file work-v7.cif (mmCIF, C-alpha atoms)
data_structure
loop_
_atom_site.group_PDB
_atom_site.id
_atom_site.type_symbol
_atom_site.label_atom_id
_atom_site.label_comp_id
_atom_site.auth_asym_id
_atom_site.auth_seq_id
_atom_site.Cartn_x
_atom_site.Cartn_y
_atom_site.Cartn_z
ATOM 1 C CA MET A 21 64.135 -37.753 -19.226
ATOM 2 C CA THR A 22 65.142 -34.197 -18.338
ATOM 3 C CA ALA A 23 66.008 -32.348 -15.135
ATOM 4 C CA ARG A 24 63.928 -29.329 -14.149
ATOM 5 C CA THR A 25 65.215 -25.967 -13.017
ATOM 6 C CA ALA A 26 61.966 -25.293 -11.087
ATOM 7 C CA THR A 27 59.424 -27.767 -9.765
ATOM 8 C CA THR A 28 55.690 -27.102 -9.684
ATOM 9 C CA GLU A 29 53.302 -28.494 -7.098
ATOM 10 C CA ARG A 30 51.819 -30.797 -9.740
ATOM 11 C CA GLN A 31 55.274 -32.205 -10.559
ATOM 12 C CA LYS A 32 56.005 -32.696 -6.864
ATOM 13 C CA ARG A 33 52.696 -34.507 -6.516
ATOM 14 C CA LEU A 34 53.549 -36.867 -9.373
ATOM 15 C CA GLY A 35 56.845 -37.657 -7.655
ATOM 16 C CA TYR A 36 55.044 -38.296 -4.374
ATOM 17 C CA GLU A 37 52.649 -40.702 -6.082
ATOM 18 C CA LEU A 38 55.492 -42.537 -7.839
ATOM 19 C CA ARG A 39 57.183 -43.161 -4.513
ATOM 20 C CA ARG A 40 53.915 -44.173 -2.821
ATOM 21 C CA MET A 41 53.091 -46.554 -5.667
ATOM 22 C CA ARG A 42 56.574 -48.096 -5.600
ATOM 23 C CA LYS A 43 56.524 -48.551 -1.822
ATOM 24 C CA ALA A 44 53.022 -50.040 -1.830
ATOM 25 C CA GLY A 45 54.088 -52.466 -4.562
ATOM 26 C CA GLY A 46 57.099 -53.620 -2.568
ATOM 27 C CA VAL A 47 59.520 -52.519 -5.303
ATOM 28 C CA SER A 48 62.893 -51.230 -4.132
ATOM 29 C CA ALA A 49 64.459 -48.139 -5.691
ATOM 30 C CA GLU A 50 67.198 -50.343 -7.111
ATOM 31 C CA ARG A 51 64.649 -52.691 -8.674
ATOM 32 C CA ALA A 52 62.703 -49.736 -10.109
ATOM 33 C CA ALA A 53 65.888 -48.353 -11.636
ATOM 34 C CA ALA A 54 66.601 -51.699 -13.313
ATOM 35 C CA LEU A 55 63.025 -51.938 -14.616
ATOM 36 C CA LEU A 56 63.184 -48.457 -16.135
ATOM 37 C CA GLY A 57 66.754 -48.659 -17.375
ATOM 38 C CA VAL A 58 68.007 -45.741 -15.299
ATOM 39 C CA ASP A 59 70.346 -45.358 -12.331
ATOM 40 C CA ARG A 60 69.306 -45.192 -8.677
ATOM 41 C CA GLY A 61 69.760 -41.424 -8.578
ATOM 42 C CA ALA A 62 67.256 -40.957 -11.397
ATOM 43 C CA ILE A 63 64.589 -42.732 -9.339
ATOM 44 C CA SER A 64 65.201 -40.341 -6.439
ATOM 45 C CA ALA A 65 64.977 -37.384 -8.822
ATOM 46 C CA MET A 66 61.703 -38.658 -10.329
ATOM 47 C CA GLU A 67 60.229 -39.154 -6.870
ATOM 48 C CA SER A 68 61.190 -35.643 -5.799
ATOM 49 C CA GLY A 69 59.612 -34.170 -8.940
ATOM 50 C CA THR A 70 62.881 -32.717 -10.180
ATOM 51 C CA ARG A 71 63.190 -35.112 -13.123
ATOM 52 C CA ALA A 72 60.526 -36.085 -15.654
ATOM 53 C CA ILE A 73 59.326 -39.622 -16.290
ATOM 54 C CA SER A 74 57.927 -40.741 -19.629
ATOM 55 C CA THR A 75 54.411 -42.167 -19.746
ATOM 56 C CA ASP A 76 55.823 -45.479 -21.044
ATOM 57 C CA ARG A 77 58.145 -45.783 -18.059
ATOM 58 C CA LEU A 78 55.375 -44.735 -15.702
ATOM 59 C CA ARG A 79 53.038 -47.457 -16.988
ATOM 60 C CA ARG A 80 55.858 -50.009 -16.834
ATOM 61 C CA LEU A 81 56.445 -49.103 -13.188
ATOM 62 C CA ALA A 82 52.717 -49.220 -12.401
ATOM 63 C CA ASN A 83 52.453 -52.678 -13.951
ATOM 64 C CA SER A 84 55.433 -53.895 -11.931
ATOM 65 C CA CYS A 85 53.795 -52.523 -8.774
ATOM 66 C CA ASN A 86 50.554 -54.398 -9.607
ATOM 67 C CA VAL A 87 48.503 -51.210 -9.861
ATOM 68 C CA THR A 88 45.270 -52.108 -11.663
ATOM 69 C CA ASP A 89 43.236 -48.890 -11.171
ATOM 70 C CA GLU A 90 43.245 -47.504 -14.716
ATOM 71 C CA ALA A 91 41.749 -44.162 -13.690
ATOM 72 C CA TYR A 92 44.613 -43.670 -11.256
ATOM 73 C CA VAL A 93 47.311 -44.749 -13.715
ATOM 74 C CA SER A 94 45.823 -42.621 -16.498
ATOM 75 C CA GLY A 95 45.723 -39.665 -14.116
ATOM 76 C CA LEU A 96 49.407 -40.145 -13.369
ATOM 77 C CA ALA A 97 50.167 -40.499 -17.075
ATOM 78 C CA ALA A 98 48.426 -37.179 -17.732
ATOM 79 C CA MET A 99 50.599 -35.570 -15.053
ATOM 80 C CA ALA A 100 53.694 -37.034 -16.721
ATOM 81 C CA GLN A 101 52.883 -35.673 -20.184
ATOM 82 C CA PRO A 102 55.578 -33.329 -21.514
ATOM 83 C CA GLY A 103 54.734 -29.795 -20.487
ATOM 84 C CA THR A 104 53.068 -27.490 -22.951
ATOM 85 C CA ARG A 105 52.842 -23.799 -22.271
ATOM 86 C CA ARG A 106 49.618 -22.955 -20.432
ATOM 87 C CA TRP A 107 48.067 -19.565 -19.777
ATOM 88 C CA TRP A 108 49.453 -19.323 -16.222
ATOM 89 C CA ASP A 109 53.004 -19.634 -17.543
ATOM 90 C CA ARG A 110 52.768 -15.998 -18.617
ATOM 91 C CA TYR A 111 52.973 -15.064 -14.938
ATOM 92 C CA ARG A 112 55.987 -17.228 -14.147
ATOM 93 C CA GLY A 113 58.718 -15.160 -12.554
ATOM 94 C CA GLN A 114 56.294 -12.296 -11.926
ATOM 95 C CA LEU A 115 54.096 -13.828 -9.217
ATOM 96 C CA PRO A 116 54.832 -16.413 -6.510
ATOM 97 C CA GLN A 117 54.955 -19.973 -7.850
ATOM 98 C CA SER A 118 52.227 -21.009 -5.410
ATOM 99 C CA PHE A 119 49.731 -18.743 -7.207
ATOM 100 C CA LEU A 120 50.441 -20.577 -10.456
ATOM 101 C CA ASP A 121 50.181 -23.910 -8.648
ATOM 102 C CA ILE A 122 46.624 -23.029 -7.573
ATOM 103 C CA ALA A 123 45.651 -22.146 -11.143
ATOM 104 C CA GLU A 124 47.148 -25.418 -12.403
ATOM 105 C CA MET A 125 45.417 -27.440 -9.684
ATOM 106 C CA GLU A 126 42.033 -25.932 -10.552
ATOM 107 C CA ALA A 127 42.547 -26.373 -14.293
ATOM 108 C CA HIS A 128 43.142 -30.109 -13.894
ATOM 109 C CA SER A 129 40.365 -30.722 -11.362
ATOM 110 C CA VAL A 130 37.192 -32.656 -12.105
ATOM 111 C CA ARG A 131 35.322 -30.766 -9.373
ATOM 112 C CA VAL A 132 36.303 -28.072 -6.894
ATOM 113 C CA ARG A 133 34.777 -27.550 -3.467
ATOM 114 C CA GLY A 134 35.677 -24.655 -1.206
ATOM 115 C CA ALA A 135 34.902 -23.536 2.343
ATOM 116 C CA TYR A 136 35.057 -19.767 2.895
ATOM 117 C CA PRO A 137 34.607 -18.532 6.491
ATOM 118 C CA VAL A 138 35.617 -14.903 5.889
ATOM 119 C CA HIS A 139 36.460 -14.271 2.219
ATOM 120 C CA MET A 140 34.372 -14.582 -0.904
ATOM 121 C CA PRO A 141 35.437 -17.471 -3.163
ATOM 122 C CA GLY A 142 38.252 -16.324 -5.434
ATOM 123 C CA LEU A 143 36.562 -18.002 -8.395
ATOM 124 C CA LEU A 144 33.452 -15.892 -7.774
ATOM 125 C CA GLN A 145 34.976 -12.526 -6.861
ATOM 126 C CA THR A 146 34.310 -9.326 -8.766
ATOM 127 C CA THR A 147 37.318 -7.305 -9.893
ATOM 128 C CA ASP A 148 36.529 -4.515 -7.403
ATOM 129 C CA HIS A 149 36.279 -6.956 -4.511
ATOM 130 C CA ALA A 150 39.543 -8.668 -5.498
ATOM 131 C CA LEU A 151 41.285 -5.294 -5.855
ATOM 132 C CA ALA A 152 40.178 -4.302 -2.360
ATOM 133 C CA LEU A 153 41.687 -7.510 -0.978
ATOM 134 C CA PHE A 154 44.977 -7.140 -2.832
ATOM 135 C CA ARG A 155 45.348 -3.538 -1.673
ATOM 136 C CA MET A 156 45.064 -4.650 1.962
ATOM 137 C CA VAL A 157 48.093 -6.959 1.787
ATOM 138 C CA ILE A 158 50.852 -6.153 4.288
ATOM 139 C CA PRO A 159 53.410 -5.026 3.300
ATOM 140 C CA ALA A 160 51.622 -3.106 0.568
ATOM 141 C CA LEU A 161 52.019 -4.447 -2.939
ATOM 142 C CA PRO A 162 53.228 -2.239 -5.791
ATOM 143 C CA GLU A 163 50.436 -1.449 -8.231
ATOM 144 C CA HIS A 164 51.968 -3.519 -11.028
ATOM 145 C CA GLU A 165 51.797 -6.624 -8.803
ATOM 146 C CA VAL A 166 48.216 -5.793 -7.801
ATOM 147 C CA ALA A 167 47.382 -5.690 -11.511
ATOM 148 C CA LEU A 168 49.131 -9.034 -12.107
ATOM 149 C CA ARG A 169 47.303 -10.722 -9.223
ATOM 150 C CA LEU A 170 43.987 -9.389 -10.471
ATOM 151 C CA ALA A 171 44.664 -10.584 -14.013
ATOM 152 C CA LEU A 172 45.578 -14.054 -12.759
ATOM 153 C CA ARG A 173 42.432 -14.251 -10.632
ATOM 154 C CA VAL A 174 40.207 -13.246 -13.538
ATOM 155 C CA GLU A 175 41.804 -15.871 -15.800
ATOM 156 C CA ARG A 176 41.388 -18.541 -13.113
ATOM 157 C CA GLN A 177 37.656 -17.897 -13.191
ATOM 158 C CA GLN A 178 37.453 -19.101 -16.790
ATOM 159 C CA ILE A 179 37.294 -22.734 -15.602
ATOM 160 C CA LEU A 180 33.647 -22.018 -14.756
ATOM 161 C CA GLU A 181 32.791 -21.022 -18.329
ATOM 162 C CA GLY A 182 32.117 -22.749 -21.636
ATOM 163 C CA ASP A 183 32.099 -26.367 -22.702
ATOM 164 C CA GLY A 184 33.596 -28.659 -20.103
ATOM 165 C CA ALA A 185 33.229 -26.079 -17.348
ATOM 166 C CA THR A 186 34.384 -27.318 -13.951
ATOM 167 C CA ASP A 187 31.775 -28.044 -11.287
ATOM 168 C CA PHE A 188 32.237 -25.762 -8.290
ATOM 169 C CA VAL A 189 30.638 -25.929 -4.847
ATOM 170 C CA ALA A 190 31.276 -22.896 -2.619
ATOM 171 C CA ILE A 191 30.318 -23.121 1.057
ATOM 172 C CA VAL A 192 30.269 -19.515 2.274
ATOM 173 C CA HIS A 193 29.776 -18.411 5.871
ATOM 174 C CA GLU A 194 27.545 -15.466 6.661
ATOM 175 C CA ALA A 195 30.605 -13.577 7.922
ATOM 176 C CA ALA A 196 32.037 -13.591 4.408
ATOM 177 C CA LEU A 197 28.762 -12.221 3.058
ATOM 178 C CA ARG A 198 28.932 -9.257 5.429
ATOM 179 C CA MET A 199 32.624 -8.297 5.287
ATOM 180 C CA GLN A 200 32.694 -4.943 3.490
ATOM 181 C CA PHE A 201 35.984 -5.160 1.628
ATOM 182 C CA GLY A 202 35.987 -2.049 -0.549
ATOM 183 C CA GLY A 203 32.854 -0.623 1.088
ATOM 184 C CA ARG A 204 29.103 -1.109 0.852
ATOM 185 C CA ALA A 205 28.769 -0.557 -2.892
ATOM 186 C CA VAL A 206 31.514 -3.070 -3.675
ATOM 187 C CA LEU A 207 29.915 -5.628 -1.367
ATOM 188 C CA ARG A 208 26.485 -5.106 -2.892
ATOM 189 C CA ALA A 209 27.872 -5.673 -6.394
ATOM 190 C CA GLN A 210 29.767 -8.725 -5.112
ATOM 191 C CA LEU A 211 26.603 -10.241 -3.630
ATOM 192 C CA ASP A 212 24.716 -9.619 -6.881
ATOM 193 C CA HIS A 213 27.546 -11.348 -8.757
ATOM 194 C CA LEU A 214 27.475 -14.261 -6.320
ATOM 195 C CA LEU A 215 23.750 -14.666 -6.924
ATOM 196 C CA SER A 216 24.183 -14.522 -10.686
ATOM 197 C CA ARG A 217 26.950 -17.115 -10.662
ATOM 198 C CA SER A 218 24.942 -19.401 -8.379
ATOM 199 C CA GLU A 219 22.324 -19.748 -11.108
ATOM 200 C CA GLN A 220 24.846 -21.516 -13.380
ATOM 201 C CA ASP A 221 24.317 -25.259 -13.686
ATOM 202 C CA ASN A 222 27.923 -25.971 -12.672
ATOM 203 C CA VAL A 223 28.056 -23.573 -9.702
ATOM 204 C CA THR A 224 26.487 -24.225 -6.296
ATOM 205 C CA VAL A 225 26.651 -21.687 -3.464
ATOM 206 C CA LEU A 226 25.700 -22.892 0.019
ATOM 207 C CA VAL A 227 25.510 -20.501 2.977
ATOM 208 C CA ILE A 228 26.229 -21.294 6.617
ATOM 209 C CA PRO A 229 24.403 -18.662 8.702
ATOM 210 C CA PHE A 230 25.632 -17.402 12.068
ATOM 211 C CA ASP A 231 22.837 -19.220 13.862
ATOM 212 C CA ALA A 232 24.119 -22.586 12.607
ATOM 213 C CA GLY A 233 26.711 -22.340 15.374
ATOM 214 C CA GLY A 234 30.275 -23.592 15.181
ATOM 215 C CA PHE A 235 31.630 -25.565 12.252
ATOM 216 C CA PRO A 236 34.798 -27.512 11.333
ATOM 217 C CA GLY A 237 37.746 -25.471 10.120
ATOM 218 C CA ALA A 238 36.168 -22.175 11.141
ATOM 219 C CA GLY A 239 39.402 -20.231 10.776
ATOM 220 C CA GLN A 240 40.632 -21.283 7.348
ATOM 221 C CA THR A 241 39.726 -21.132 3.691
ATOM 222 C CA VAL A 242 39.999 -24.695 2.412
ATOM 223 C CA ILE A 243 39.807 -25.864 -1.209
ATOM 224 C CA TYR A 244 39.206 -29.512 -2.082
ATOM 225 C CA ALA A 245 40.128 -30.228 -5.710
ATOM 226 C CA GLU A 246 39.008 -33.595 -7.041
ATOM 227 C CA GLY A 247 41.298 -35.373 -9.477
ATOM 228 C CA PRO A 248 40.546 -38.092 -12.056
ATOM 229 C CA ALA A 249 40.831 -40.687 -9.255
ATOM 230 C CA PRO A 250 40.199 -40.147 -5.519
ATOM 231 C CA GLU A 251 43.860 -40.864 -4.751
ATOM 232 C CA LEU A 252 44.776 -37.816 -6.850
ATOM 233 C CA ASP A 253 42.597 -35.325 -4.977
ATOM 234 C CA THR A 254 44.336 -32.287 -3.454
ATOM 235 C CA VAL A 255 43.527 -30.052 -0.493
ATOM 236 C CA GLN A 256 44.758 -26.472 -0.567
ATOM 237 C CA ILE A 257 44.671 -24.342 2.592
ATOM 238 C CA ASP A 258 45.136 -20.579 2.610
ATOM 239 C CA ASN A 259 47.568 -19.143 5.157
ATOM 240 C CA SER A 260 49.012 -15.682 5.684
ATOM 241 C CA HIS A 261 52.383 -16.996 4.467
ATOM 242 C CA GLY A 262 50.839 -18.529 1.325
ATOM 243 C CA PRO A 263 48.974 -21.697 0.335
ATOM 244 C CA ASP A 264 49.696 -25.173 1.655
ATOM 245 C CA PHE A 265 48.962 -28.264 -0.464
ATOM 246 C CA ILE A 266 47.956 -31.555 1.176
ATOM 247 C CA HIS A 267 47.610 -34.954 -0.476
ATOM 248 C CA ALA A 268 48.355 -37.632 2.147
ATOM 249 C CA GLN A 269 45.531 -40.162 1.982
ATOM 250 C CA ASP A 270 44.542 -39.900 5.663
ATOM 251 C CA GLN A 271 44.326 -36.120 5.300
ATOM 252 C CA LEU A 272 42.204 -36.424 2.162
ATOM 253 C CA ASP A 273 39.825 -38.671 4.120
ATOM 254 C CA LYS A 274 39.706 -36.079 6.891
ATOM 255 C CA TYR A 275 38.845 -33.229 4.535
ATOM 256 C CA ARG A 276 36.223 -35.258 2.687
ATOM 257 C CA ALA A 277 34.497 -35.697 6.054
ATOM 258 C CA HIS A 278 35.116 -31.995 6.733
ATOM 259 C CA PHE A 279 33.169 -30.965 3.628
ATOM 260 C CA GLU A 280 30.393 -33.462 4.249
ATOM 261 C CA ALA A 281 29.905 -31.918 7.704
ATOM 262 C CA LEU A 282 29.864 -28.392 6.244
ATOM 263 C CA GLU A 283 27.307 -29.324 3.594
ATOM 264 C CA ARG A 284 25.038 -30.768 6.299
ATOM 265 C CA LEU A 285 25.236 -27.483 8.226
ATOM 266 C CA ALA A 286 24.656 -25.244 5.216
ATOM 267 C CA LEU A 287 21.346 -24.045 3.858
ATOM 268 C CA SER A 288 20.094 -25.539 0.601
ATOM 269 C CA ALA A 289 21.085 -23.847 -2.650
ATOM 270 C CA THR A 290 17.663 -22.199 -2.943
ATOM 271 C CA ALA A 291 17.566 -21.086 0.681
ATOM 272 C CA SER A 292 21.144 -19.818 0.329
ATOM 273 C CA ARG A 293 20.166 -17.570 -2.582
ATOM 274 C CA ASP A 294 17.284 -16.187 -0.530
ATOM 275 C CA PHE A 295 19.657 -15.591 2.364
ATOM 276 C CA ILE A 296 22.139 -13.717 0.148
ATOM 277 C CA ARG A 297 19.320 -11.545 -1.198
ATOM 278 C CA GLY A 298 18.366 -10.735 2.365
ATOM 279 C CA VAL A 299 21.899 -9.661 3.235
ATOM 280 C CA ALA A 300 22.109 -7.547 0.059
ATOM 281 C CA SER A 301 18.811 -5.844 0.848
ATOM 282 C CA GLN A 302 20.287 -4.530 4.117
ATOM 283 C CA LEU A 303 23.080 -2.629 2.345
#

call {"tool": "encode", "arguments": {"input": "work-v7.cif", "output": "structure tokens"}}
result
Amino acid sequence: MTARTATTERQKRLGYELRRMRKAGGVSAERAAALLGVDRGAISAMESGTRAISTDRLRRLANSCNVTDEAYVSGLAAMAQPGTRRWWDRYRGQLPQSFLDIAEMEAHSVRVRGAYPVHMPGLLQTTDHALALFRMVIPALPEHEVALRLALRVERQQILEGDGATDFVAIVHEAALRMQFGGRAVLRAQLDHLLSRSEQDNVTVLVIPFDAGGFPGAGQTVIYAEGPAPELDTVQIDNSHGPDFIHAQDQLDKYRAHFEALERLALSATASRDFIRGVASQL
């Protein structure tokens, strides 16, 4: 059991779930420490995500807390596995940790849903479109960081490719389809790319047109990443100061309802493709 010098969002989430599981099971921190053969401080460190827990100890704690959902326990055990170097680790220390946390969240998701009121989905952006966005950041980014952000975004998109590709549902508002980041030619190429991606079996693009009226969460890009068990789902919200991660159960329920409402408002996948073609034809 080792201490960590830096804590990722996934490690924090494991700690949160350990504490929630212990509390729900009526097990005190002192009792948990005795069960696992550690001191009281180690339990606090595990539950803050700053100290690792072995899968054996995790399963022992789950059993003592009467947790019988194997999908949930196995999901926690996967989160507790000793870290192996992953592709996003190459960017550690060069980009904000939250960017790496998003890549890690997506990589471990069973399915990803996103609502995009103004921006194109990051997983479906062309390089030119992404570059235009990165070059609009205030204060301006140095070119080497623009290049790093672009490289990270392109690598994130690989979850949509190959065997075991992640299912992705993108709910895109008409405003996002018409925002000319980088100019008309860049937007036209982006719309063509969006159409091409939407033909993949694992990618669904649904459009909410202006005439659908108002919709929940109109001002924010929201990502809903599904884990191996519903309790391990994560919501990620984009903000100007960086991403926020949400995993409280009442908030997960809220955002599940949020996406159900958006999907009811959106056009069908086929009608959405026709709509995108119509927007592209006007450029």

call {"tool": "closest_atom_pairs", "arguments": {"input": "work-v7.cif", "of": "segment 196-261 of chain A", "to": "segment 104-127 of chain A", "cutoff": "10 Å", "atoms": "all atoms listed in the file", "output": "JSON lines"}}
result
{"residue": "A:Ile243", "atom": "CA", "partner": "A:Glu126", "partner_atom": "CA", "distance": 9.6}
{"residue": "A:Tyr244", "atom": "CA", "partner": "A:Glu126", "partner_atom": "CA", "distance": 9.6}
{"residue": "A:Ala245", "atom": "CA", "partner": "A:Glu126", "partner_atom": "CA", "distance": 6.7}
{"residue": "A:Glu246", "atom": "CA", "partner": "A:Glu126", "partner_atom": "CA", "distance": 9.0}
{"residue": "A:Gly247", "atom": "CA", "partner": "A:Met125", "partner_atom": "CA", "distance": 8.9}
{"residue": "A:Asp253", "atom": "CA", "partner": "A:Met125", "partner_atom": "CA", "distance": 9.6}
{"residue": "A:Thr254", "atom": "CA", "partner": "A:Met125", "partner_atom": "CA", "distance": 8.0}
{"residue": "A:Val255", "atom": "CA", "partner": "A:Met125", "partner_atom": "CA", "distance": 9.7}
{"residue": "A:Gln256", "atom": "CA", "partner": "A:Ile122", "partner_atom": "CA", "distance": 8.0}

call {"tool": "atom_distance", "arguments": {"input": "work-v7.cif", "atom1": "atom CA of Arg293 of chain A", "atom2": "atom CA of Ser218 of chain A"}}
result
7.7 Å

call {"tool": "closest_residue", "arguments": {"input": "work-v7.cif", "among": "A:His149, A:Asn259, A:Leu252, A:Val189", "to": "Leu272 of chain A", "atoms": "only C-alpha atoms"}}
result
A:Leu252

call {"tool": "atom_distance", "arguments": {"input": "work-v7.cif", "atom1": "atom CA of Arg77 of chain A", "atom2": "atom CA of Arg40 of chain A"}}
result
15.9 Å

call {"tool": "residues_around", "arguments": {"input": "work-v7.cif", "residues": "segment 249-251 of chain A", "least_positions_apart": "4", "cutoff": "12 Å", "atoms": "all atoms listed in the file", "output": "mmCIF file with C-alpha atoms, keeping the file's coordinate frame"}}
result
data_model
loop_
_atom_site.group_PDB
_atom_site.id
_atom_site.type_symbol
_atom_site.label_atom_id
_atom_site.label_comp_id
_atom_site.auth_asym_id
_atom_site.auth_seq_id
_atom_site.Cartn_x
_atom_site.Cartn_y
_atom_site.Cartn_z
ATOM 1 C CA ARG A 33 52.696 -34.507 -6.516
ATOM 2 C CA LEU A 34 53.549 -36.867 -9.373
ATOM 3 C CA TYR A 36 55.044 -38.296 -4.374
ATOM 4 C CA GLU A 37 52.649 -40.702 -6.082
ATOM 5 C CA ARG A 40 53.915 -44.173 -2.821
ATOM 6 C CA MET A 41 53.091 -46.554 -5.667
ATOM 7 C CA ASP A 89 43.236 -48.890 -11.171
ATOM 8 C CA GLU A 90 43.245 -47.504 -14.716
ATOM 9 C CA ALA A 91 41.749 -44.162 -13.690
ATOM 10 C CA TYR A 92 44.613 -43.670 -11.256
ATOM 11 C CA VAL A 93 47.311 -44.749 -13.715
ATOM 12 C CA SER A 94 45.823 -42.621 -16.498
ATOM 13 C CA GLY A 95 45.723 -39.665 -14.116
ATOM 14 C CA LEU A 96 49.407 -40.145 -13.369
ATOM 15 C CA ALA A 98 48.426 -37.179 -17.732
ATOM 16 C CA HIS A 128 43.142 -30.109 -13.894
ATOM 17 C CA SER A 129 40.365 -30.722 -11.362
ATOM 18 C CA VAL A 130 37.192 -32.656 -12.105
ATOM 19 C CA ARG A 131 35.322 -30.766 -9.373
ATOM 20 C CA TYR A 244 39.206 -29.512 -2.082
ATOM 21 C CA ALA A 245 40.128 -30.228 -5.710
ATOM 22 C CA VAL A 255 43.527 -30.052 -0.493
ATOM 23 C CA ILE A 266 47.956 -31.555 1.176
ATOM 24 C CA HIS A 267 47.610 -34.954 -0.476
ATOM 25 C CA ALA A 268 48.355 -37.632 2.147
ATOM 26 C CA GLN A 269 45.531 -40.162 1.982
ATOM 27 C CA ASP A 270 44.542 -39.900 5.663
ATOM 28 C CA GLN A 271 44.326 -36.120 5.300
ATOM 29 C CA LEU A 272 42.204 -36.424 2.162
ATOM 30 C CA ASP A 273 39.825 -38.671 4.120
ATOM 31 C CA ARG A 276 36.223 -35.258 2.687
#

call {"tool": "resolve_selection", "arguments": {"input": "work-v7.cif", "expression": "the PyMOL selection byres ((chain A and resi 151) around 9)", "output": "ChimeraX atom specification"}}
result
/A:146-150,152-156,166-167,169-170,202

call {"tool": "resolve_selection", "arguments": {"input": "work-v7.cif", "expression": "the PyMOL selection byres ((chain A and resi 281) around 12)", "output": "VMD selection string"}}
result
chain A and resid 135 191 228 234 to 237 274 to 280 282 to 286

call {"tool": "resolve_selection", "arguments": {"input": "work-v7.cif", "expression": "the PyMOL selection byres ((chain A and resi 207-213) around 7)", "output": "JSON, numbers by chain"}}
result
{"A": [145, 146, 149, 200, 201, 203, 204, 205, 206, 214, 215, 216, 217, 296, 300, 303]}

call {"tool": "closest_residue", "arguments": {"input": "work-v7.cif", "among": "A:Val87, A:Val192, A:Val157, A:Leu143", "to": "Gln177 of chain A", "atoms": "only C-alpha atoms"}}
result
A:Leu143

call {"tool": "closest_residue", "arguments": {"input": "work-v7.cif", "among": "A:Arg297, A:His164, A:Lys43, A:His193", "to": "Pro229 of chain A", "atoms": "only C-alpha atoms"}}
result
A:His193

call {"tool": "build_atoms", "arguments": {"input": "work-v7.cif", "residues": "segment 164-175 of chain A", "atoms": "N, CA, C and O atoms", "output": "PDB file, keeping the file's coordinate frame"}}
result
ATOM      1  N   HIS A 164      51.808  -2.582  -9.915  1.00  0.00           N
ATOM      2  CA  HIS A 164      51.968  -3.519 -11.028  1.00  0.00           C
ATOM      3  C   HIS A 164      51.720  -4.948 -10.564  1.00  0.00           C
ATOM      4  O   HIS A 164      51.192  -5.768 -11.321  1.00  0.00           O
ATOM      5  N   GLU A 165      52.072  -5.277  -9.293  1.00  0.00           N
ATOM      6  CA  GLU A 165      51.797  -6.624  -8.803  1.00  0.00           C
ATOM      7  C   GLU A 165      50.314  -6.797  -8.478  1.00  0.00           C
ATOM      8  O   GLU A 165      49.758  -7.874  -8.684  1.00  0.00           O
ATOM      9  N   VAL A 166      49.671  -5.743  -7.993  1.00  0.00           N
ATOM     10  CA  VAL A 166      48.216  -5.793  -7.801  1.00  0.00           C
ATOM     11  C   VAL A 166      47.535  -6.120  -9.125  1.00  0.00           C
ATOM     12  O   VAL A 166      46.642  -6.977  -9.193  1.00  0.00           O
ATOM     13  N   ALA A 167      47.975  -5.457 -10.186  1.00  0.00           N
ATOM     14  CA  ALA A 167      47.382  -5.690 -11.511  1.00  0.00           C
ATOM     15  C   ALA A 167      47.625  -7.126 -11.975  1.00  0.00           C
ATOM     16  O   ALA A 167      46.732  -7.755 -12.561  1.00  0.00           O
ATOM     17  N   LEU A 168      48.822  -7.659 -11.713  1.00  0.00           N
ATOM     18  CA  LEU A 168      49.131  -9.034 -12.107  1.00  0.00           C
ATOM     19  C   LEU A 168      48.272 -10.032 -11.332  1.00  0.00           C
ATOM     20  O   LEU A 168      47.742 -10.993 -11.902  1.00  0.00           O
ATOM     21  N   ARG A 169      48.119  -9.821 -10.036  1.00  0.00           N
ATOM     22  CA  ARG A 169      47.303 -10.722  -9.223  1.00  0.00           C
ATOM     23  C   ARG A 169      45.848 -10.695  -9.671  1.00  0.00           C
ATOM     24  O   ARG A 169      45.178 -11.735  -9.715  1.00  0.00           O
ATOM     25  N   LEU A 170      45.369  -9.501  -9.999  1.00  0.00           N
ATOM     26  CA  LEU A 170      43.987  -9.389 -10.471  1.00  0.00           C
ATOM     27  C   LEU A 170      43.817 -10.114 -11.799  1.00  0.00           C
ATOM     28  O   LEU A 170      42.841 -10.860 -11.991  1.00  0.00           O
ATOM     29  N   ALA A 171      44.754  -9.926 -12.710  1.00  0.00           N
ATOM     30  CA  ALA A 171      44.664 -10.584 -14.013  1.00  0.00           C
ATOM     31  C   ALA A 171      44.672 -12.099 -13.868  1.00  0.00           C
ATOM     32  O   ALA A 171      43.896 -12.808 -14.528  1.00  0.00           O
ATOM     33  N   LEU A 172      45.526 -12.607 -12.996  1.00  0.00           N
ATOM     34  CA  LEU A 172      45.578 -14.054 -12.759  1.00  0.00           C
ATOM     35  C   LEU A 172      44.260 -14.553 -12.198  1.00  0.00           C
ATOM     36  O   LEU A 172      43.736 -15.581 -12.639  1.00  0.00           O
ATOM     37  N   ARG A 173      43.696 -13.826 -11.243  1.00  0.00           N
ATOM     38  CA  ARG A 173      42.432 -14.251 -10.632  1.00  0.00           C
ATOM     39  C   ARG A 173      41.314 -14.287 -11.666  1.00  0.00           C
ATOM     40  O   ARG A 173      40.513 -15.216 -11.701  1.00  0.00           O
ATOM     41  N   VAL A 174      41.253 -13.281 -12.508  1.00  0.00           N
ATOM     42  CA  VAL A 174      40.207 -13.246 -13.538  1.00  0.00           C
ATOM     43  C   VAL A 174      40.369 -14.424 -14.496  1.00  0.00           C
ATOM     44  O   VAL A 174      39.375 -15.071 -14.877  1.00  0.00           O
ATOM     45  N   GLU A 175      41.588 -14.737 -14.892  1.00  0.00           N
ATOM     46  CA  GLU A 175      41.804 -15.871 -15.800  1.00  0.00           C
ATOM     47  C   GLU A 175      41.480 -17.200 -15.125  1.00  0.00           C
ATOM     48  O   GLU A 175      40.982 -18.123 -15.772  1.00  0.00           O
TER      49      GLU A 175
END
